[in-house]
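Pasted below: model.txt, compact mmCIF, C-alpha atoms and all ligand atoms.
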# COMPACT_ATOMS: atom_id res chain seq x y z
CA MET L 1 82.65 45.80 97.94
CA SER L 2 84.07 49.24 97.29
CA GLU L 3 82.10 52.39 98.04
CA PRO L 4 79.88 53.51 95.16
CA SER L 5 81.62 56.38 93.35
CA LEU L 6 80.15 59.83 93.51
CA THR L 7 79.54 62.04 90.52
CA SER L 8 80.55 65.68 90.64
CA GLU L 9 76.88 66.68 90.60
CA ALA L 10 76.07 64.47 93.60
CA VAL L 11 79.06 65.82 95.52
CA LEU L 12 78.14 69.43 94.74
CA ARG L 13 74.47 69.01 95.60
CA GLU L 14 75.20 67.47 98.99
CA ALA L 15 77.89 70.04 99.80
CA ALA L 16 75.74 73.02 98.79
CA ALA L 17 72.99 71.79 101.12
CA ARG L 18 75.44 71.74 104.04
CA ILE L 19 77.01 75.19 103.48
CA ASP L 20 75.12 78.03 105.16
CA SER L 21 75.92 80.85 102.74
CA GLU L 22 74.03 82.78 100.06
CA THR L 23 76.58 81.44 97.61
CA SER L 24 76.58 77.81 98.78
CA ARG L 25 76.53 76.23 95.29
CA LEU L 26 79.27 78.57 94.04
CA ASP L 27 81.34 77.87 97.16
CA ALA L 28 81.03 74.12 96.60
CA GLU L 29 82.00 74.48 92.92
CA LEU L 30 85.05 76.60 93.77
CA LEU L 31 86.26 74.05 96.32
CA LEU L 32 85.67 71.05 94.03
CA SER L 33 87.36 72.82 91.14
CA HIS L 34 90.32 73.60 93.43
CA VAL L 35 90.90 69.94 94.45
CA THR L 36 90.18 68.32 91.06
CA GLY L 37 91.62 70.96 88.71
CA TRP L 38 88.38 70.66 86.72
CA SER L 39 86.73 73.84 85.44
CA ARG L 40 83.45 75.01 86.95
CA THR L 41 81.89 74.82 83.47
CA SER L 42 82.67 71.12 83.35
CA PHE L 43 80.42 70.52 86.37
CA ARG L 44 77.53 71.55 84.11
CA THR L 45 78.66 69.96 80.85
CA TRP L 46 79.81 66.67 82.46
CA PRO L 47 77.84 66.34 85.72
CA GLU L 48 78.14 62.54 85.84
CA ARG L 49 81.97 62.53 85.94
CA GLU L 50 83.14 60.55 88.96
CA VAL L 51 85.27 62.29 91.57
CA PRO L 52 88.31 60.11 92.45
CA ALA L 53 88.84 59.17 96.10
CA ASP L 54 91.87 61.38 96.76
CA PRO L 55 90.41 64.74 95.64
CA LEU L 56 87.12 63.72 97.23
CA ALA L 57 88.84 63.31 100.61
CA ARG L 58 90.53 66.71 100.24
CA PHE L 59 87.20 68.23 99.25
CA GLN L 60 85.48 66.79 102.32
CA ALA L 61 88.18 68.29 104.58
CA LEU L 62 87.73 71.75 103.02
CA LEU L 63 83.95 71.40 103.20
CA VAL L 64 84.08 70.82 106.96
CA ARG L 65 86.05 74.08 107.33
CA ARG L 66 83.64 75.98 105.04
CA VAL L 67 80.64 74.68 106.99
CA ALA L 68 82.37 76.03 110.14
CA GLY L 69 82.43 79.48 108.47
CA GLU L 70 86.02 79.83 107.17
CA PRO L 71 86.10 82.19 104.18
CA ILE L 72 86.40 80.63 100.73
CA ALA L 73 89.42 82.86 100.03
CA HIS L 74 91.29 81.32 102.99
CA LEU L 75 90.46 77.78 101.87
CA LEU L 76 91.57 78.45 98.29
CA GLY L 77 94.51 80.63 99.37
CA GLU L 78 93.60 83.18 96.73
CA GLN L 79 91.06 85.79 95.74
CA ASP L 80 90.38 87.58 92.47
CA PHE L 81 90.53 91.38 92.60
CA TRP L 82 90.28 93.65 89.55
CA SER L 83 91.98 91.59 86.80
CA LEU L 84 94.40 89.96 89.25
CA THR L 85 94.47 86.74 91.24
CA LEU L 86 96.02 87.52 94.64
CA ALA L 87 97.47 85.16 97.21
CA VAL L 88 95.53 85.56 100.47
CA THR L 89 96.34 84.50 104.04
CA PRO L 90 94.56 85.01 107.39
CA ASP L 91 97.09 87.82 108.10
CA THR L 92 95.21 90.42 106.06
CA LEU L 93 91.80 91.57 104.95
CA ILE L 94 90.37 89.58 102.03
CA PRO L 95 90.07 92.00 99.08
CA ARG L 96 86.42 93.01 98.53
CA PRO L 97 84.74 93.71 95.18
CA ASP L 98 83.62 97.13 96.50
CA THR L 99 87.24 98.20 96.80
CA GLU L 100 87.46 97.91 93.00
CA CYS L 101 85.34 101.13 92.99
CA LEU L 102 88.26 102.86 94.72
CA VAL L 103 90.56 101.68 91.92
CA GLU L 104 88.10 103.01 89.30
CA VAL L 105 87.91 106.44 90.97
CA ALA L 106 91.71 106.63 91.29
CA LEU L 107 92.10 105.91 87.56
CA GLU L 108 89.74 108.80 86.68
CA LEU L 109 91.70 111.46 88.60
CA PRO L 110 93.62 114.14 86.69
CA LEU L 111 97.14 112.99 87.64
CA PRO L 112 100.59 113.43 86.10
CA ALA L 113 101.67 110.73 83.63
CA GLU L 114 104.28 109.45 86.07
CA ALA L 115 102.23 109.92 89.23
CA ARG L 116 103.78 108.93 92.57
CA VAL L 117 101.21 106.87 94.43
CA MET L 118 101.09 105.42 97.96
CA ASP L 119 98.65 102.71 99.14
CA LEU L 120 98.54 102.91 102.95
CA GLY L 121 97.76 99.62 104.75
CA THR L 122 97.94 97.60 101.55
CA GLY L 123 97.26 94.13 103.02
CA THR L 124 97.47 91.71 100.06
CA GLY L 125 98.64 94.63 97.89
CA ALA L 126 95.29 94.67 96.06
CA ILE L 127 94.83 98.39 95.39
CA ALA L 128 98.50 99.15 94.65
CA LEU L 129 98.82 96.17 92.31
CA ALA L 130 95.62 97.00 90.40
CA LEU L 131 96.85 100.59 89.89
CA ALA L 132 100.32 99.42 88.82
CA LYS L 133 98.70 97.01 86.35
CA GLU L 134 96.55 99.75 84.79
CA ARG L 135 99.17 102.53 84.81
CA PRO L 136 102.63 101.11 84.09
CA GLN L 137 104.06 104.65 84.07
CA TRP L 138 102.98 105.41 87.64
CA ARG L 139 105.44 104.87 90.48
CA VAL L 140 103.32 102.91 92.92
CA SER L 141 104.40 102.21 96.50
CA ALA L 142 102.56 100.53 99.33
CA CYS L 143 103.03 100.03 103.04
CA ASP L 144 101.61 97.98 105.87
CA ALA L 145 102.26 97.87 109.62
CA VAL L 146 101.94 94.08 109.80
CA PRO L 147 105.17 92.26 108.76
CA ASP L 148 103.28 89.25 107.36
CA ALA L 149 101.19 91.59 105.21
CA VAL L 150 104.34 93.28 103.87
CA ALA L 151 105.68 89.83 102.93
CA LEU L 152 102.38 88.84 101.31
CA ALA L 153 102.10 92.06 99.27
CA ARG L 154 105.72 91.64 98.10
CA HIS L 155 104.97 88.03 97.17
CA ASN L 156 101.91 89.12 95.15
CA ALA L 157 103.90 91.86 93.38
CA GLN L 158 106.58 89.37 92.43
CA ARG L 159 104.12 86.68 91.34
CA LEU L 160 102.32 89.18 89.11
CA GLY L 161 105.51 90.83 87.88
CA LEU L 162 104.29 94.28 88.93
CA PRO L 163 106.82 96.90 90.12
CA VAL L 164 105.24 97.92 93.44
CA GLN L 165 107.61 98.88 96.26
CA VAL L 166 106.26 97.63 99.61
CA GLU L 167 107.53 99.17 102.88
CA ALA L 168 106.93 98.28 106.52
CA SER L 169 105.21 101.32 108.03
CA HIS L 170 102.27 102.10 110.28
CA TRP L 171 100.51 104.66 108.06
CA PHE L 172 103.06 107.44 107.48
CA ASP L 173 105.01 106.83 110.71
CA ASP L 174 107.96 104.88 109.28
CA LEU L 175 108.13 106.21 105.71
CA PRO L 176 111.13 108.22 104.51
CA ALA L 177 110.16 111.85 103.83
CA GLN L 178 108.68 112.19 100.34
CA ARG L 179 105.65 113.60 98.52
CA PHE L 180 102.97 111.84 96.50
CA ASP L 181 100.47 112.84 93.81
CA LEU L 182 97.93 110.36 95.13
CA ILE L 183 97.48 108.61 98.47
CA VAL L 184 94.90 105.83 98.64
CA SER L 185 93.81 103.69 101.57
CA ASN L 186 91.26 101.11 102.64
CA PRO L 187 91.98 101.34 106.38
CA PRO L 188 90.14 99.62 109.22
CA TYR L 189 86.91 101.55 109.84
CA ILE L 190 84.55 99.35 111.81
CA ALA L 191 83.49 100.46 115.31
CA ALA L 192 84.79 98.17 118.06
CA ASP L 193 81.28 97.18 119.21
CA ASP L 194 79.81 96.60 115.71
CA ARG L 195 77.72 93.41 115.79
CA HIS L 196 78.74 92.53 112.19
CA LEU L 197 82.14 91.52 113.57
CA ALA L 198 80.48 88.35 114.89
CA GLU L 199 79.11 87.35 111.46
CA GLY L 200 80.49 85.82 108.27
CA ASP L 201 84.02 86.12 106.87
CA VAL L 202 85.13 88.97 109.18
CA ARG L 203 85.25 86.49 112.11
CA PHE L 204 88.30 84.96 110.41
CA GLU L 205 90.04 88.22 109.42
CA PRO L 206 92.48 90.11 111.67
CA ALA L 207 90.92 92.80 113.88
CA THR L 208 93.85 95.09 112.98
CA ALA L 209 92.49 95.21 109.41
CA LEU L 210 88.89 95.85 110.47
CA VAL L 211 88.45 97.68 113.77
CA SER L 212 89.36 101.28 114.50
CA GLY L 213 88.31 102.61 117.89
CA ALA L 214 84.91 103.41 119.34
CA ASP L 215 83.51 105.15 116.23
CA GLY L 216 85.59 103.32 113.61
CA LEU L 217 87.32 106.57 112.63
CA ASP L 218 90.59 106.48 114.63
CA ASP L 219 92.75 105.43 111.67
CA LEU L 220 90.95 107.64 109.14
CA ARG L 221 91.47 110.63 111.47
CA GLN L 222 95.20 109.95 111.56
CA ILE L 223 95.51 109.36 107.80
CA VAL L 224 93.48 112.42 106.75
CA THR L 225 95.18 114.72 109.27
CA GLN L 226 98.71 113.69 108.28
CA ALA L 227 98.21 113.29 104.51
CA PRO L 228 98.82 116.99 103.67
CA ASP L 229 102.46 116.63 104.82
CA TRP L 230 102.92 113.84 102.25
CA LEU L 231 101.06 115.32 99.28
CA ASP L 232 102.44 117.53 96.57
CA GLU L 233 100.55 120.70 95.67
CA GLY L 234 97.32 119.56 93.98
CA GLY L 235 97.74 115.96 95.15
CA TRP L 236 94.76 113.76 95.98
CA LEU L 237 93.70 111.66 98.95
CA LEU L 238 91.16 108.88 98.33
CA VAL L 239 89.88 106.58 101.09
CA GLU L 240 87.31 103.86 101.62
CA HIS L 241 85.07 104.02 104.71
CA GLY L 242 81.85 102.64 106.19
CA TYR L 243 78.42 103.28 104.61
CA ASP L 244 77.45 105.74 107.38
CA GLN L 245 80.77 107.63 107.69
CA ALA L 246 80.79 109.87 104.57
CA THR L 247 79.69 113.04 106.39
CA ALA L 248 82.21 112.57 109.19
CA VAL L 249 85.03 111.74 106.78
CA GLN L 250 84.22 114.74 104.55
CA ALA L 251 84.44 116.96 107.64
CA LEU L 252 87.88 115.49 108.44
CA PHE L 253 89.04 116.25 104.88
CA ARG L 254 87.83 119.88 105.05
CA GLN L 255 89.44 120.43 108.47
CA ALA L 256 92.74 119.15 107.07
CA GLY L 257 92.61 121.69 104.21
CA PHE L 258 91.33 119.59 101.32
CA TRP L 259 89.37 121.07 98.41
CA ALA L 260 86.84 119.54 96.04
CA VAL L 261 85.84 117.13 98.82
CA GLN L 262 83.30 114.60 97.59
CA SER L 263 82.08 111.08 98.20
CA ARG L 264 81.43 108.28 95.72
CA GLN L 265 79.26 105.18 95.90
CA ASP L 266 80.15 101.50 95.98
CA TYR L 267 78.42 98.84 93.85
CA GLY L 268 75.61 98.72 96.43
CA GLY L 269 74.83 102.45 95.97
CA GLN L 270 76.26 103.48 99.38
CA ASP L 271 78.63 106.44 99.88
CA ARG L 272 81.76 104.43 100.66
CA LEU L 273 84.60 106.52 99.19
CA THR L 274 85.71 110.06 99.95
CA LEU L 275 88.31 112.07 98.09
CA GLY L 276 89.76 115.55 98.06
CA GLN L 277 92.57 117.60 96.55
CA PHE L 278 95.17 119.32 98.67
CA HIS L 279 96.31 122.92 98.10
CA ARG L 280 98.87 124.51 100.38
CA ARG L 281 97.42 127.99 100.01
CA GLU L 282 94.01 129.24 99.10
CA ARG L 283 93.82 129.42 95.33
CA ARG L 284 93.42 133.00 94.10
CA ASP L 285 92.18 134.23 90.80
CA ALA L 286 95.14 135.58 88.77
CA SER L 287 93.33 138.91 88.32
CA CYS L 288 92.92 139.54 92.06
N1 LIG L 301 84.28 96.41 104.07
C1 LIG L 301 84.73 95.52 105.07
C2 LIG L 301 83.54 94.90 105.79
O1 LIG L 301 82.62 95.58 106.12
C3 LIG L 301 85.63 96.20 106.07
C4 LIG L 301 86.85 96.67 105.42
C5 LIG L 301 87.65 97.58 106.29
O2 LIG L 301 87.48 97.71 107.50
N2 LIG L 301 88.54 98.24 105.66
O3 LIG L 301 83.51 93.72 105.99
Before we go any further, please render this structure as structure tokens.
Amino acid sequence: MSEPSLTSEAVLREAAARIDSETSRLDAELLLSHVTGWSRTSFRTWPEREVPADPLARFQALLVRRVAGEPIAHLLGEQDFWSLTLAVTPDTLIPRPDTECLVEVALELPLPAEARVMDLGTGTGAIALALAKERPQWRVSACDAVPDAVALARHNAQRLGLPVQVEASHWFDDLPAQRFDLIVSNPPYIAADDRHLAEGDVRFEPATALVSGADGLDDLRQIVTQAPDWLDEGGWLLVEHGYDQATAVQALFRQAGFWAVQSRQDYGGQDRLTLGQFHRRERRDASC
């Protein structure tokens, strides 16, 4: 006698019970949709549909990895960010919804129509690609120190048909001399001894994309200190950082000569972005 077939609802219910995540049902639906090609809506409208043996076996293999903690984005090989679906590998940070706030703030800045923009440490290319999608007139470049990340960001740009130039460079170190109107970055900013590094998705992401010295600020210090050499008069620097780093990052901006230094909140209401405008000289009133 053959095994009794399993309906999609039975498969999902059992899987959701095994996954230890706040989004266990969603995770199960995403994995089942991935192996069957069926929409998530269909799991609700046609719950008694039987899952064939082949996709079921592939689902079970992915489920074992999810139960062991592997991020959904790694199992699916992709992650949605802004209006884009990005290819994702274990070589880079998985794009986070909170980083969409950085994109929103960048789009509100008073910039030239053909702004020159650099995304430092682009990873999948998420920020640069979202900006290029929204502002076709901007000249958006990106860089990353990790060769596999450069390849992945280029692959995403090509797949999405977006004209983002991706260079291999550790922050500004290997870039040809040039000036930008806007520099953005979501650098590593977690302190080396942070206990969150032992929990959840970050266990499967590269430390180079997450950890930055004893206080988490090593990379931000370098970026903020060097950015003035790469910004045009009136250009902007906009960075993401940890929820408790806004004061320290604002101080770095002011020391480096930035004006209009301010922080903005993420979707959780935490100060997670800091920005400032660079002026070479102190601005003087024309009448003085
Ligand atoms: N926001 C990420 C996290 O806390 C870290 C991202 C980063 O270091 N740039 O998981």
> CA of Asp244 (chain L) and CA of Cys101 (chain L), how far apart in Å?
Replying inline: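 Distance between the two atoms: 17.0 Å.
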> For Leu62 (chain L), which residue out of L:Arg272, L:Lys133, L:His34, L:Arg44 is the nearest one, using only C-alpha atoms?
Replying inline: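 When distances to Leu62 (chain L) are compared using only C-alpha atoms, the smallest one comes from L:His34.
Going from CA of Ala214 (chain L) over to CA of Ile190 (chain L), you cover 8.6 Å.
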Could I get the residues of chain L with an atom no further than 6 Å from an atom of ligand LIG 301 (chain L), each paired with its nearest atom pair and that distance in Å to one decimal, using only C-alpha atoms and all ligand atoms, sorted by chain and residue number, as JSON lines?
{"residue": "L:Asn186", "atom": "CA", "partner": "L:LIG301", "partner_atom": "N2", "distance": 5.0}
{"residue": "L:Pro187", "atom": "CA", "partner": "L:LIG301", "partner_atom": "N2", "distance": 4.7}
{"residue": "L:Pro188", "atom": "CA", "partner": "L:LIG301", "partner_atom": "O2", "distance": 3.7}
{"residue": "L:Tyr189", "atom": "CA", "partner": "L:LIG301", "partner_atom": "O2", "distance": 4.5}
{"residue": "L:Ile190", "atom": "CA", "partner": "L:LIG301", "partner_atom": "O2", "distance": 5.5}
{"residue": "L:Val202", "atom": "CA", "partner": "L:LIG301", "partner_atom": "O3", "distance": 5.9}
{"residue": "L:Ala209", "atom": "CA", "partner": "L:LIG301", "partner_atom": "O2", "distance": 5.9}
{"residue": "L:Leu210", "atom": "CA", "partner": "L:LIG301", "partner_atom": "O2", "distance": 3.8}
Provide an axis-aligned box for all listed atoms of region 91-103 of chain L, padding each side by 6 Å; report its centre and its edge lengths in Å to one decimal, as JSON.
{"center_x": 90.4, "center_y": 95.3, "center_z": 100.0, "size_x": 25.5, "size_y": 27.0, "size_z": 28.2}
>> List the spatial neighbours of region 161-175 of chain L as a PyMOL selection string - criterion: any atom at most 10 Å away, all atoms listed in the file, same-chain residues fewer than 6 positions off excluded.
In response: chain L and resi 117-122+125+128-133+136+138-155+185+187+219+222-223+226-227+229-230
> What is the distance, in Å and to one decimal place, between CA of Leu32 (chain L) and CA of Thr89 (chain L)?
Replying inline: 19.9 Å
>> Using all atoms listed in the file, can you tell me which of L:Leu31, L:Ala113, L:Ile19, L:Ile94 comes closest to Arg203 (chain L)?
In response: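 When distances to Arg203 (chain L) are compared using all atoms listed in the file, the smallest one comes from L:Ile94.
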> What's the 12 Å shell around Leu6 (chain L), counting only C-alpha atoms, without same-chain residues fewer than 6 positions away, as a ChimeraX atom specification?
Replying inline: /L:12-14,47-53,55-57
